[in-house]
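Accompanying notes for the structure given below.
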Amino acid sequence: LLGAKASQVYFTGSGTESNNWAIRGALEYGSQKRPKRSDFLPHVVTSNIEHPAVAEALAKYKREGLCDYTEVAVDTKSGVLSVEAVEAAFRTGETVLCTVMHSNNEIGSLQPIAEIAKIAHAHGALMHTDGAQSVGKVDVDVEALGVDLCTVVGHKFGASKGVAALYCSLDSREFPSLLHGGGQENGMRPGTENVLLISGIGKASEIALLEGKEIRRNMLKTRNLLRGRLVEALGSHGIDYRINGPAEEANSLPNTLSISIPAVQAQEILADLSESVAASAGGAPPPGP
């Protein structure tokens, strides 16, 4: 499903764990590879639309003095990063990681990960992508993308909640673990594995691999049907609206539709639609106090 070797995939309990592991591990790994300097502070390049599992982890590590990071803003209409803007955010000799989500969980925009990965490697940095929303819905080939780390979340493509994975192309003897304990997962992720849930994500991966094209066609057909009906209804009533995300289908997820209606509160609309339409005002809930 990922184009990876089995030995490069490590099972975790959630996408949050995988993202935190990728970031913390990359900070340690990158620091070890840089010349020993007492004032060295590893730098990270990321976007301003990352999942809280990435954004909050970076904010915490910065507060603790473990890193600095730069958020690159996406285009306000398409939700896609400018490759040039990402490249400009790198700091020569300091950037150790670039972490950018493969696709956005709210408007469905796909990011130019392969191009960004080339930039990261040219600067000697690792490339991590949060593939939670993409795996099982669009093609995610880690070799073709050129990423070093990729987060996979089971319940996003048919497996149970509570199981995820981290693809890591780096030598298990060099990339640091997030947890410390036993020798499970080749010593990379200590803790007794939940074999039942791992079997489930394995089966979901098999189905996604065998039936992925048909699943994507059905998702796209349903999304476009809903979009067409909404556009027709809103237009016939003279209601102003905006479709959020890329204009081209090839640059967005097949299952995600985002619409804004100016001057109308999202919660009011959701309250009226709650009995007939599955909709939300955003993605993952913001971090609490």
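Residue numbers start at 1 in each chain; chains themselves are named A, B, ... in the order of the structure tokens; ligands are numbered from 1 in the order shown.
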Contact residues around stretch 205-221 of chain A with only C-alpha atoms at 10 Å, ignoring same-chain residues under 6 positions, as a PyMOL selection string: chain A and resi 1-2+135-139+154+157-159+199+227+249+253-257
When you look at A:Leu58 with a cut-off of 10 Å (counting only C-alpha atoms), what residues show up, excluding the ones that are within fewer than 3 positions of it in the same chain? I need them as a PyMOL selection string. chain A and resi 20+23-24+44+46+52-55+61-64+66-70
Do a neighbour search on stretch 49-51 of chain A at 10 Å with only C-alpha atoms, toss out local chain neighbours closer than 2 positions, and write the hits as a VMD selection string. chain A and resid 15 to 16 19 46 to 47 53 to 57 71 to 74 79 to 81 99 to 106 130 132 283 to 286
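Here atom CA of A:Asp171 and atom CA of A:Ala117 stand 18.6 Å from one another.
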Quick one: DSSP helix (DSSP H, G or I) residues in stretch 15-204 of chain A, as an MDAnalysis selection string? chainID A and resid 15:33 52:63 83:89 113:122 142:145 154:156 185:187 195:204
Could you pull out all residues of stretch 13-218 of chain A with a DSSP call of strand (DSSP E) and give them as a PyMOL selection string? chain A and resi 43-47+68-72+95-99+126-130+149-153+164-168
Store the residues of this selection in a file with C-alpha atoms, as a compact mmCIF listing (two decimals), in the first residue's frame.
```txt
# COMPACT_ATOMS: atom_id res chain seq x y z
CA HIS A 43 15.06 24.01 13.16
CA VAL A 44 11.89 22.59 11.59
CA VAL A 45 9.92 23.75 8.55
CA THR A 46 6.19 23.07 8.60
CA SER A 47 2.89 24.52 7.35
CA ASP A 68 12.69 26.34 16.64
CA TYR A 69 10.30 26.13 13.71
CA THR A 70 8.87 28.13 10.84
CA GLU A 71 5.27 27.83 9.69
CA VAL A 72 4.76 28.44 5.97
CA THR A 95 16.99 22.82 9.52
CA VAL A 96 16.84 19.12 10.44
CA LEU A 97 13.22 18.33 9.54
CA CYS A 98 10.42 19.36 7.23
CA THR A 99 7.00 18.06 8.25
CA LEU A 126 14.60 14.67 6.95
CA MET A 127 11.14 14.74 5.35
CA HIS A 128 8.04 13.64 7.27
CA THR A 129 4.51 13.66 5.94
CA ASP A 130 1.34 13.03 7.91
CA LEU A 149 8.88 9.27 7.57
CA CYS A 150 5.16 8.83 6.97
CA THR A 151 2.27 8.59 9.42
CA VAL A 152 -0.52 6.09 8.72
CA VAL A 153 -3.80 5.92 10.68
CA ALA A 164 -1.63 3.34 13.40
CA ALA A 165 1.87 3.10 12.01
CA LEU A 166 5.00 5.05 11.23
CA TYR A 167 6.97 4.37 8.07
CA CYS A 168 10.65 5.03 8.73
```
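Among the candidate residues A:Lys161, A:Lys36, A:Lys77, A:Arg173, the one lying nearest to A:Leu196 is A:Lys161, with distances computed using only C-alpha atoms.
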